[in-house]
>>> print(open('protein.cif').read())   # mmCIF, N, CA, C and O atoms
data_run
loop_
_atom_site.label_atom_id
_atom_site.label_comp_id
_atom_site.auth_asym_id
_atom_site.auth_seq_id
_atom_site.Cartn_x
_atom_site.Cartn_y
_atom_site.Cartn_z
N MET D 1 0.84 -1.18 0.00
CA MET D 1 0.00 0.00 0.00
C MET D 1 0.88 1.25 0.00
O MET D 1 2.04 1.20 0.37
N GLY D 2 0.33 2.39 -0.38
CA GLY D 2 1.08 3.63 -0.49
C GLY D 2 1.44 4.23 0.85
O GLY D 2 1.03 3.74 1.91
N MET D 3 2.21 5.28 0.78
CA MET D 3 2.65 5.93 2.02
C MET D 3 1.52 6.73 2.63
O MET D 3 0.62 7.18 1.95
N ASP D 4 1.55 6.88 3.96
CA ASP D 4 0.50 7.64 4.62
C ASP D 4 0.78 9.14 4.52
O ASP D 4 1.87 9.56 4.16
N VAL D 5 -0.22 9.93 4.85
CA VAL D 5 -0.13 11.38 4.65
C VAL D 5 0.93 12.00 5.56
O VAL D 5 1.62 12.94 5.16
N SER D 6 1.10 11.48 6.77
CA SER D 6 2.11 12.03 7.68
C SER D 6 3.51 11.85 7.10
O SER D 6 4.34 12.77 7.15
N GLN D 7 3.78 10.68 6.57
CA GLN D 7 5.09 10.44 5.96
C GLN D 7 5.27 11.29 4.71
O GLN D 7 6.35 11.81 4.45
N ALA D 8 4.22 11.46 3.94
CA ALA D 8 4.29 12.28 2.74
C ALA D 8 4.62 13.73 3.09
O ALA D 8 5.41 14.39 2.41
N VAL D 9 4.04 14.23 4.19
CA VAL D 9 4.33 15.60 4.63
C VAL D 9 5.79 15.71 5.06
O VAL D 9 6.49 16.66 4.70
N LYS D 10 6.26 14.73 5.84
CA LYS D 10 7.67 14.74 6.28
C LYS D 10 8.61 14.74 5.08
O LYS D 10 9.58 15.50 5.03
N ASP D 11 8.33 13.89 4.11
CA ASP D 11 9.16 13.82 2.90
C ASP D 11 9.11 15.13 2.12
O ASP D 11 10.14 15.60 1.61
N PHE D 12 7.92 15.71 2.02
CA PHE D 12 7.76 16.98 1.32
C PHE D 12 8.60 18.07 1.96
O PHE D 12 9.28 18.84 1.27
N VAL D 13 8.57 18.14 3.28
CA VAL D 13 9.33 19.18 3.99
C VAL D 13 10.83 19.01 3.73
O VAL D 13 11.52 19.98 3.44
N ILE D 14 11.30 17.79 3.80
CA ILE D 14 12.73 17.53 3.55
C ILE D 14 13.08 17.94 2.12
O ILE D 14 14.07 18.64 1.89
N GLN D 15 12.29 17.50 1.15
CA GLN D 15 12.59 17.81 -0.24
C GLN D 15 12.44 19.29 -0.54
O GLN D 15 13.19 19.85 -1.33
N SER D 16 11.48 19.95 0.12
CA SER D 16 11.31 21.38 -0.15
C SER D 16 12.47 22.18 0.40
O SER D 16 12.87 23.19 -0.19
N LYS D 17 13.06 21.75 1.51
CA LYS D 17 14.26 22.43 2.02
C LYS D 17 15.41 22.32 1.02
O LYS D 17 16.14 23.28 0.79
N GLU D 18 15.55 21.14 0.43
CA GLU D 18 16.57 20.94 -0.59
C GLU D 18 16.28 21.81 -1.81
O GLU D 18 17.19 22.41 -2.40
N LEU D 19 15.01 21.91 -2.18
CA LEU D 19 14.62 22.73 -3.33
C LEU D 19 14.92 24.20 -3.08
O LEU D 19 15.37 24.92 -3.98
N VAL D 20 14.70 24.67 -1.86
CA VAL D 20 15.01 26.07 -1.53
C VAL D 20 16.49 26.35 -1.79
O VAL D 20 16.84 27.36 -2.41
N HIS D 21 17.35 25.46 -1.36
CA HIS D 21 18.78 25.65 -1.58
C HIS D 21 19.12 25.64 -3.07
O HIS D 21 19.91 26.48 -3.55
N LEU D 22 18.50 24.73 -3.80
CA LEU D 22 18.73 24.68 -5.25
C LEU D 22 18.23 25.95 -5.94
O LEU D 22 18.90 26.48 -6.84
N LEU D 23 17.07 26.41 -5.54
CA LEU D 23 16.53 27.63 -6.15
C LEU D 23 17.44 28.83 -5.90
O LEU D 23 17.62 29.67 -6.78
N ARG D 24 18.00 28.90 -4.70
CA ARG D 24 18.91 30.00 -4.39
C ARG D 24 20.19 29.93 -5.20
O ARG D 24 20.74 30.95 -5.58
N ARG D 25 20.65 28.70 -5.46
CA ARG D 25 21.89 28.53 -6.24
C ARG D 25 21.66 28.59 -7.74
O ARG D 25 22.46 29.18 -8.46
N GLU D 26 20.59 27.94 -8.20
CA GLU D 26 20.43 27.72 -9.64
C GLU D 26 19.07 28.14 -10.17
O GLU D 26 18.75 27.87 -11.33
N GLY D 27 18.27 28.80 -9.36
CA GLY D 27 16.91 29.13 -9.74
C GLY D 27 16.77 29.98 -10.97
O GLY D 27 15.78 29.88 -11.70
N ARG D 28 17.76 30.82 -11.23
CA ARG D 28 17.69 31.68 -12.42
C ARG D 28 17.69 30.89 -13.72
O ARG D 28 17.31 31.41 -14.76
N GLY D 29 18.07 29.63 -13.64
CA GLY D 29 18.07 28.78 -14.82
C GLY D 29 16.72 28.17 -15.14
O GLY D 29 16.55 27.55 -16.20
N LEU D 30 15.74 28.36 -14.27
CA LEU D 30 14.40 27.83 -14.54
C LEU D 30 13.75 28.58 -15.69
O LEU D 30 13.87 29.80 -15.80
N SER D 31 13.03 27.84 -16.50
CA SER D 31 12.27 28.48 -17.57
C SER D 31 11.03 29.13 -16.96
O SER D 31 10.65 28.84 -15.82
N GLU D 32 10.37 29.97 -17.72
CA GLU D 32 9.13 30.59 -17.26
C GLU D 32 8.07 29.53 -16.99
O GLU D 32 7.30 29.64 -16.04
N VAL D 33 8.03 28.49 -17.80
CA VAL D 33 7.06 27.41 -17.62
C VAL D 33 7.34 26.66 -16.32
O VAL D 33 6.42 26.37 -15.54
N GLU D 34 8.60 26.36 -16.06
CA GLU D 34 8.96 25.65 -14.82
C GLU D 34 8.63 26.50 -13.60
O GLU D 34 8.11 25.98 -12.60
N LEU D 35 8.92 27.78 -13.67
CA LEU D 35 8.61 28.67 -12.56
C LEU D 35 7.09 28.75 -12.34
O LEU D 35 6.61 28.72 -11.20
N HIS D 36 6.35 28.82 -13.42
CA HIS D 36 4.89 28.85 -13.32
C HIS D 36 4.36 27.56 -12.69
O HIS D 36 3.47 27.59 -11.84
N MET D 37 4.90 26.42 -13.11
CA MET D 37 4.47 25.13 -12.55
C MET D 37 4.77 25.08 -11.05
O MET D 37 3.93 24.62 -10.26
N LEU D 38 5.92 25.56 -10.65
CA LEU D 38 6.28 25.58 -9.23
C LEU D 38 5.33 26.46 -8.43
O LEU D 38 4.79 26.05 -7.41
N ARG D 39 5.11 27.67 -8.92
CA ARG D 39 4.22 28.60 -8.22
C ARG D 39 2.78 28.07 -8.17
O ARG D 39 2.10 28.22 -7.16
N SER D 40 2.33 27.44 -9.24
CA SER D 40 0.98 26.88 -9.27
C SER D 40 0.82 25.76 -8.25
O SER D 40 -0.18 25.70 -7.53
N GLN D 41 1.80 24.88 -8.18
CA GLN D 41 1.72 23.78 -7.23
C GLN D 41 1.76 24.29 -5.80
O GLN D 41 1.04 23.80 -4.92
N LEU D 42 2.59 25.29 -5.53
CA LEU D 42 2.64 25.88 -4.19
C LEU D 42 1.30 26.52 -3.83
O LEU D 42 0.84 26.41 -2.68
N HIS D 43 0.67 27.15 -4.79
CA HIS D 43 -0.64 27.77 -4.57
C HIS D 43 -1.68 26.70 -4.22
O HIS D 43 -2.47 26.87 -3.28
N ILE D 44 -1.68 25.61 -4.95
CA ILE D 44 -2.61 24.51 -4.70
C ILE D 44 -2.38 23.94 -3.30
O ILE D 44 -3.34 23.70 -2.55
N LEU D 45 -1.12 23.75 -2.92
CA LEU D 45 -0.82 23.23 -1.59
C LEU D 45 -1.27 24.20 -0.50
O LEU D 45 -1.78 23.79 0.54
N GLU D 46 -1.10 25.49 -0.73
CA GLU D 46 -1.54 26.50 0.23
C GLU D 46 -3.05 26.44 0.42
O GLU D 46 -3.55 26.49 1.55
N ILE D 47 -3.78 26.32 -0.66
CA ILE D 47 -5.25 26.23 -0.58
C ILE D 47 -5.66 24.97 0.19
O ILE D 47 -6.52 25.03 1.07
N GLU D 48 -5.05 23.85 -0.13
CA GLU D 48 -5.41 22.59 0.54
C GLU D 48 -5.07 22.65 2.03
O GLU D 48 -5.85 22.19 2.87
N ALA D 49 -3.91 23.20 2.38
CA ALA D 49 -3.53 23.31 3.78
C ALA D 49 -4.47 24.24 4.53
O ALA D 49 -4.86 23.96 5.67
N THR D 50 -4.86 25.34 3.91
CA THR D 50 -5.80 26.28 4.53
C THR D 50 -7.15 25.62 4.73
O THR D 50 -7.77 25.76 5.80
N ASN D 51 -7.63 24.90 3.73
CA ASN D 51 -8.91 24.19 3.86
C ASN D 51 -8.87 23.17 4.99
O ASN D 51 -9.82 23.06 5.77
N LEU D 52 -7.79 22.43 5.08
CA LEU D 52 -7.65 21.42 6.13
C LEU D 52 -7.59 22.08 7.51
O LEU D 52 -8.23 21.63 8.46
N GLN D 53 -6.85 23.18 7.61
CA GLN D 53 -6.76 23.88 8.89
C GLN D 53 -8.13 24.40 9.31
O GLN D 53 -8.53 24.28 10.48
N THR D 54 -8.87 24.96 8.38
CA THR D 54 -10.21 25.46 8.68
C THR D 54 -11.12 24.32 9.13
O THR D 54 -11.84 24.45 10.12
N PHE D 55 -11.07 23.22 8.43
CA PHE D 55 -11.87 22.04 8.79
C PHE D 55 -11.54 21.58 10.21
O PHE D 55 -12.43 21.30 11.01
N LYS D 56 -10.25 21.52 10.53
CA LYS D 56 -9.83 21.06 11.86
C LYS D 56 -10.25 22.05 12.94
O LYS D 56 -10.62 21.65 14.04
N GLN D 57 -10.22 23.34 12.63
CA GLN D 57 -10.62 24.35 13.61
C GLN D 57 -12.14 24.35 13.85
O GLN D 57 -12.59 24.52 14.97
N LEU D 58 -12.89 24.16 12.78
CA LEU D 58 -14.35 24.18 12.89
C LEU D 58 -14.89 22.85 13.41
O LEU D 58 -15.96 22.82 14.03
N GLY D 59 -14.21 21.79 13.10
CA GLY D 59 -14.69 20.47 13.45
C GLY D 59 -15.58 19.93 12.35
O GLY D 59 -16.15 20.70 11.56
N PRO D 60 -15.71 18.62 12.25
CA PRO D 60 -16.47 18.02 11.14
C PRO D 60 -17.95 18.39 11.14
O PRO D 60 -18.59 18.38 10.10
N ASP D 61 -18.51 18.74 12.30
CA ASP D 61 -19.93 19.07 12.35
C ASP D 61 -20.24 20.43 11.71
O ASP D 61 -21.33 20.64 11.21
N ARG D 62 -19.29 21.36 11.76
CA ARG D 62 -19.54 22.72 11.26
C ARG D 62 -18.94 22.99 9.89
O ARG D 62 -19.27 23.97 9.26
N ALA D 63 -18.00 22.16 9.44
CA ALA D 63 -17.36 22.38 8.14
C ALA D 63 -18.33 22.03 7.02
O ALA D 63 -19.05 21.05 7.11
N ALA D 64 -18.32 22.86 6.00
CA ALA D 64 -19.23 22.63 4.87
C ALA D 64 -18.66 21.64 3.90
O ALA D 64 -17.51 21.53 3.69
#
>>> encode(input="protein.cif", output="structure tokens")
Amino acid sequence: MGMDVSQAVKDFVIQSKELVHLLRREGRGLSEVELHMLRSQLHILEIEATNLQTFKQLGPDRAA
């Protein structure tokens, strides 16, 4: 079976730290399309994390 969400988050955090270092060193080499893809994925993750946080704060009975 696949990895659980907690492990996926841990892996994401580790890989994103590595990506930050790469972007600082070599980020200017990204194409406009690659930069757009990165920003779009970050935006999607931000929306999902915000939705999850709201759900957890409101509780399952009050979340729409």
>>> select_by_dssp(input="protein.cif", residues="chain D", states="alpha helix (DSSP H)", output="PyMOL selection string")
chain D and resi 5-26+32-58
>>> atom_distance(input="protein.cif", atom1="CA of Gln41 in chain D", atom2="CA of Ser16 in chain D")
12.2 Å
>>> atom_distance(input="protein.cif", atom1="atom N of Val33 in chain D", atom2="atom N of Phe12 in chain D")
23.6 Å
>>> atom_distance(input="protein.cif", atom1="atom N of Arg39 in chain D", atom2="atom C of Gln7 in chain D")
21.3 Å
